[in-house]
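Shown next: target.csv, given as CSV, C-alpha atoms.
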chain,number,residue,atom,x,y,z
A,539,MET,CA,-25.8,30.2,4.6
A,540,GLY,CA,-25.8,28.0,1.6
A,541,LEU,CA,-24.7,24.9,3.4
A,542,ASP,CA,-24.4,21.7,1.5
A,543,ARG,CA,-23.3,18.1,2.1
A,544,THR,CA,-19.8,18.8,0.9
A,545,ALA,CA,-19.4,21.5,3.5
A,546,VAL,CA,-20.6,19.2,6.3
A,547,VAL,CA,-18.2,16.4,5.2
A,548,THR,CA,-15.3,18.9,4.9
A,549,ALA,CA,-15.9,20.2,8.4
A,550,ALA,CA,-16.1,16.7,9.8
A,551,LEU,CA,-12.8,15.7,8.2
A,552,GLU,CA,-11.2,18.8,9.6
A,553,LEU,CA,-12.4,17.9,13.1
A,554,LEU,CA,-11.2,14.3,12.5
A,555,ASP,CA,-7.7,15.5,11.9
A,556,GLU,CA,-7.8,17.8,14.9
A,557,ALA,CA,-9.3,15.6,17.5
A,558,GLY,CA,-9.5,12.1,16.2
A,559,LEU,CA,-12.5,9.8,15.6
A,560,ASP,CA,-13.4,9.2,19.2
A,561,LYS,CA,-14.0,12.9,19.8
A,562,LEU,CA,-15.9,13.6,16.6
A,563,THR,CA,-19.6,14.3,17.2
A,564,MET,CA,-22.4,15.7,15.1
A,565,ARG,CA,-22.7,18.6,17.6
A,566,LYS,CA,-19.1,19.6,17.1
A,567,VAL,CA,-19.6,19.6,13.3
A,568,ALA,CA,-22.5,21.9,13.7
A,569,GLU,CA,-20.5,24.2,16.0
A,570,ARG,CA,-17.7,24.2,13.4
A,571,LEU,CA,-20.1,25.3,10.7
A,572,GLY,CA,-22.0,27.7,13.0
A,573,VAL,CA,-25.4,26.1,12.3
A,574,GLN,CA,-28.0,24.3,14.3
A,575,LEU,CA,-27.6,20.6,14.9
A,576,ASN,CA,-30.6,19.6,12.9
A,577,THR,CA,-29.0,21.3,9.9
A,578,VAL,CA,-26.2,18.8,10.0
A,579,TYR,CA,-28.7,15.9,10.4
A,580,TRP,CA,-30.5,17.2,7.3
A,581,HIS,CA,-27.3,16.5,5.2
A,582,ALA,CA,-26.2,13.4,7.2
A,583,SER,CA,-29.0,11.6,8.9
A,584,SER,CA,-26.8,10.0,11.6
A,585,LYS,CA,-23.2,9.7,12.7
A,586,PRO,CA,-22.8,6.4,10.9
A,587,ARG,CA,-24.1,8.1,7.7
A,588,LEU,CA,-21.7,10.9,8.2
A,589,LEU,CA,-18.8,8.5,8.6
A,590,GLU,CA,-19.8,6.8,5.3
A,591,LEU,CA,-19.7,10.2,3.5
A,592,MET,CA,-16.4,11.0,5.1
A,593,ALA,CA,-14.9,7.6,4.1
A,594,ASP,CA,-16.1,8.1,0.5
A,595,ALA,CA,-14.7,11.6,0.4
A,596,MET,CA,-11.3,10.3,1.5
A,597,LEU,CA,-11.2,8.1,-1.6
A,598,GLU,CA,-11.8,10.9,-4.1
A,599,GLY,CA,-9.3,10.7,-6.9
A,600,CYS,CA,-8.0,7.2,-6.1
A,601,ALA,CA,-9.3,5.8,-9.4
A,602,ASP,CA,-8.5,8.8,-11.5
A,603,ALA,CA,-6.4,8.6,-14.7
A,604,PRO,CA,-3.6,8.2,-15.4
A,605,LEU,CA,-3.2,4.6,-14.4
A,606,PRO,CA,-0.6,2.1,-15.8
A,607,GLU,CA,-1.8,-0.1,-18.7
A,608,PRO,CA,-0.4,-3.4,-17.4
A,609,TRP,CA,-3.0,-4.9,-15.1
A,610,ASP,CA,-0.6,-5.8,-12.3
A,611,GLU,CA,1.0,-2.4,-12.2
A,612,ARG,CA,-2.5,-0.8,-12.3
A,613,ALA,CA,-3.6,-3.0,-9.3
A,614,ARG,CA,-0.5,-2.0,-7.3
A,615,THR,CA,-0.9,1.7,-8.1
A,616,LEU,CA,-4.5,1.6,-7.0
A,617,ALA,CA,-3.5,-0.2,-3.7
A,618,HIS,CA,-0.9,2.4,-3.1
A,619,ARG,CA,-3.4,5.2,-3.7
A,620,TYR,CA,-5.8,3.5,-1.3
A,621,ARG,CA,-3.3,3.2,1.5
A,622,ALA,CA,-2.2,6.9,0.9
A,623,ALA,CA,-5.8,8.0,1.2
A,624,LEU,CA,-6.3,6.0,4.5
A,625,LEU,CA,-3.2,7.4,6.0
A,626,SER,CA,-3.8,11.0,4.9
A,627,ARG,CA,-6.4,11.5,7.7
A,628,ARG,CA,-6.1,11.0,11.4
A,629,ASP,CA,-7.8,7.7,12.2
A,630,GLY,CA,-8.6,7.4,8.5
A,631,ALA,CA,-8.4,3.6,8.4
A,632,ARG,CA,-10.8,3.3,11.4
A,633,VAL,CA,-13.3,5.6,9.7
A,634,VAL,CA,-13.3,3.5,6.5
A,635,ALA,CA,-13.2,0.1,8.4
A,636,GLY,CA,-16.4,1.0,10.2
A,637,THR,CA,-18.5,1.7,7.1
A,638,TYR,CA,-20.2,-0.2,4.3
A,639,ILE,CA,-20.1,2.4,1.5
A,640,ALA,CA,-22.0,2.4,-1.7
A,641,GLU,CA,-21.0,5.9,-2.8
A,642,GLU,CA,-19.4,7.3,-6.0
A,643,HIS,CA,-15.6,7.4,-5.1
A,644,THR,CA,-15.6,4.1,-3.3
A,645,LEU,CA,-17.4,2.3,-6.1
A,646,ARG,CA,-15.2,3.9,-8.8
A,647,PHE,CA,-12.1,2.7,-6.9
A,648,ALA,CA,-13.6,-0.8,-6.5
A,649,ASP,CA,-14.5,-0.9,-10.1
A,650,ALA,CA,-11.0,0.1,-11.2
A,651,MET,CA,-9.4,-2.5,-9.0
A,652,THR,CA,-11.7,-5.3,-10.1
A,653,GLY,CA,-11.2,-4.2,-13.7
A,654,ALA,CA,-7.4,-4.5,-13.3
A,655,PHE,CA,-7.8,-8.1,-12.2
A,656,LEU,CA,-10.2,-8.9,-15.0
A,657,SER,CA,-7.8,-7.4,-17.5
A,658,GLY,CA,-5.2,-9.8,-16.1
A,659,GLY,CA,-7.2,-12.8,-17.2
A,660,HIS,CA,-8.8,-13.6,-13.9
A,661,GLY,CA,-12.3,-14.8,-13.9
A,662,PRO,CA,-15.0,-12.7,-12.3
A,663,ALA,CA,-15.0,-14.6,-9.0
A,664,GLU,CA,-11.2,-14.5,-8.7
A,665,ALA,CA,-11.1,-10.8,-9.6
A,666,GLY,CA,-13.7,-10.1,-6.9
A,667,TRP,CA,-11.8,-12.1,-4.3
A,668,ARG,CA,-8.5,-10.5,-5.1
A,669,THR,CA,-10.1,-7.1,-4.9
A,670,TRP,CA,-11.6,-7.9,-1.5
A,671,SER,CA,-8.3,-9.4,-0.3
A,672,LEU,CA,-6.3,-6.4,-1.3
A,673,VAL,CA,-8.8,-3.9,0.2
A,674,TYR,CA,-9.0,-5.8,3.5
A,675,PHE,CA,-5.2,-6.3,3.7
A,676,THR,CA,-4.5,-2.6,3.1
A,677,LEU,CA,-7.2,-1.5,5.4
A,678,GLY,CA,-6.0,-3.7,8.3
A,679,LEU,CA,-2.4,-2.8,7.8
A,680,ALA,CA,-3.2,0.9,7.7
A,681,GLN,CA,-5.2,0.6,10.9
A,682,GLU,CA,-2.2,-1.1,12.6
A,683,GLU,CA,0.1,1.6,11.2
A,684,GLN,CA,-2.0,4.4,12.6
A,685,ALA,CA,-2.4,2.7,15.9
A,686,ALA,CA,1.3,2.1,16.3
A,687,GLN,CA,2.2,5.7,16.1
A,688,GLY,CA,3.7,6.7,19.4
A,689,ILE,CA,4.0,3.3,20.9
A,690,GLY,CA,7.4,2.3,19.8
A,691,GLY,CA,6.6,0.4,16.6
A,692,MET,CA,8.0,-3.2,16.7
A,693,GLU,CA,10.1,-2.8,19.8
A,694,PRO,CA,7.5,-4.2,22.3
A,695,LEU,CA,7.1,-7.3,20.2
A,696,ARG,CA,10.8,-7.8,19.8
A,697,ARG,CA,11.3,-7.5,23.5
A,698,ALA,CA,8.6,-10.0,24.2
A,699,VAL,CA,9.5,-12.6,21.6
A,700,THR,CA,12.4,-14.7,22.9
A,701,ALA,CA,13.8,-17.8,21.2
A,702,GLU,CA,13.3,-19.8,24.4
A,703,ARG,CA,9.5,-19.1,24.7
A,704,PHE,CA,8.5,-18.4,21.0
A,705,PRO,CA,11.1,-20.0,18.8
A,706,SER,CA,9.2,-19.9,15.5
A,707,LEU,CA,8.1,-16.3,16.0
A,708,ALA,CA,11.6,-15.3,17.1
A,709,ALA,CA,13.0,-16.8,13.9
A,710,VAL,CA,10.9,-14.5,11.7
A,711,THR,CA,10.5,-11.3,13.7
A,712,GLU,CA,13.6,-9.7,12.4
A,713,HIS,CA,12.3,-10.1,8.8
A,714,PHE,CA,9.0,-8.3,9.5
A,715,GLY,CA,10.3,-5.0,8.2
A,716,ASP,CA,8.5,-1.7,8.5
A,717,PHE,CA,5.0,-1.0,7.4
A,718,GLU,CA,6.1,0.0,3.9
A,719,HIS,CA,7.9,-3.3,3.4
A,720,ARG,CA,5.0,-5.3,4.8
A,721,PHE,CA,2.6,-3.4,2.5
A,722,ARG,CA,4.7,-4.0,-0.6
A,723,HIS,CA,5.2,-7.6,0.2
A,724,GLY,CA,1.5,-8.3,0.9
A,725,VAL,CA,0.4,-6.4,-2.3
A,726,GLY,CA,2.8,-8.5,-4.3
A,727,LEU,CA,1.4,-11.7,-2.9
A,728,ILE,CA,-2.2,-10.8,-3.6
A,729,VAL,CA,-1.6,-9.3,-7.1
A,730,ARG,CA,0.7,-12.0,-8.4
A,731,GLY,CA,-0.2,-14.9,-6.1
A,732,ARG,CA,-1.1,-18.3,-7.2
A,733,GLU,CA,-4.5,-18.6,-9.0
A,734,ALA,CA,-7.1,-19.9,-6.5
A,735,SER,CA,-8.2,-23.4,-7.3
A,736,GLY,CA,-11.9,-24.4,-7.6

Translate the structure of the given file into structure tokens.
Amino acid sequence: MGLDRTAVVTAALELLDEAGLDKLTMRKVAERLGVQLNTVYWHASSKPRLLELMADAMLEGCADAPLPEPWDERARTLAHRYRAALLSRRDGARVVAGTYIAEEHTLRFADAMTGAFLSGGHGPAEAGWRTWSLVYFTLGLAQEEQAAQGIGGMEPLRRAVTAERFPSLAAVTEHFGDFEHRFRHGVGLIVRGREASG
């Protein structure tokens, strides 16, 4: 069998969708492919390495053309693509959050996002910080969104937050909106927010 790394990653992603991250093992990937366990380790030396490859594969196409020419629209488009990639796989955000990836698709995405901010007249430091902020915000919100599936969304929070006990929180809870609203608002703050001083 002409097994390659792409086949291993594809099988792992299929298992991720079927069973979730907690039940994904190297042995199950080998069983899916009908090969010995050491064959999987040949292509991915450990489970952390496999997760890196899976995370990078999830971002394939995120930086592809066409992208809007205006820098702010480009940054927003890239952020939306990133979120869509994370949500496209079961536990996708958890997979990416647990990795530190220096692979092609991830680096192309980061380069495109940083380039958008540089095109907007931000200095290198500011472009870097805004890219990190946008990535971490999107990643964290996507993790929360995937974790919230099946637990009633905002209802437990709304029931717990009373004006008598938590007056400030109660005043703003009704404005939290759904995950889509939170995402769009946060992206807007990061993309068009006030230039950092110093």

Nearby residues (only C-alpha atoms) at most 12 Å from Gly599 of chain A, same-chain spacing under 6 positions excluded, as an MDAnalysis selection string
chainID A and resid 605 616 619:620 622:623 642:647 650

Provide the atom CA of Ala549 of chain A to atom CA of Glu598 of chain A distance in Å, to one decimal place.
16.1 Å

Name all residues at most 12 Å from Glu569 of chain A (count all atoms listed in the file; drop same-chain ones fewer than 5 positions away) and give them as a ChimeraX atom specification.
/A:546,549-550,553,562-564,574-578

Grab the atom CA of Gln687 of chain A to atom CA of Leu672 of chain A distance for me, in Å with one decimal place.
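Distance between the two atoms: 22.8 Å.
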
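Of the residues under consideration (A:Glu552, A:Met596, A:Ser584, A:Asp610), A:Asp610 shows the shortest atom-to-atom contact distance to Gly659 of chain A when counting all atoms listed in the file.
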
Distance query Arg627 of chain A at most 12 Å, only C-alpha atoms, self and fewer than 4 positions along chain excluded, as a ChimeraX atom specification
/A:548,550-559,592-593,595-597,621-623,631-634,680-681,684

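Closest approach to Asp560 of chain A among A:Val547, A:Val725, A:Leu589, A:Ala701: A:Leu589, based on only C-alpha atoms.
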
Work out how far atom CA of Ala582 of chain A is from atom CA of Ala545 of chain A, in Å to one decimal.
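The value is 11.2 Å.
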
Need the shell around Arg612 of chain A: protein/DNA/RNA residues with any atom at most 8 Å away, counting all atoms listed in the file. Skip same-chain ones fewer than 6 positions apart. Format as a list in words?
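Those residues are Leu605, Pro606, Met651 and Ala654 of chain A.
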
Pick out the closest residue to Trp580 of chain A from this set: A:Arg565, A:His723, A:Arg614, A:Arg543. Count all atoms listed in the file.
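Checking each candidate against Trp580 of chain A, we get A:Arg543 as the closest.
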
Go through A:Ile728, A:Val673, A:Ala601, A:Leu588 and flag the residue nearest Thr637 of chain A, using all atoms listed in the file for the distances.
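Closest candidate: A:Leu588.
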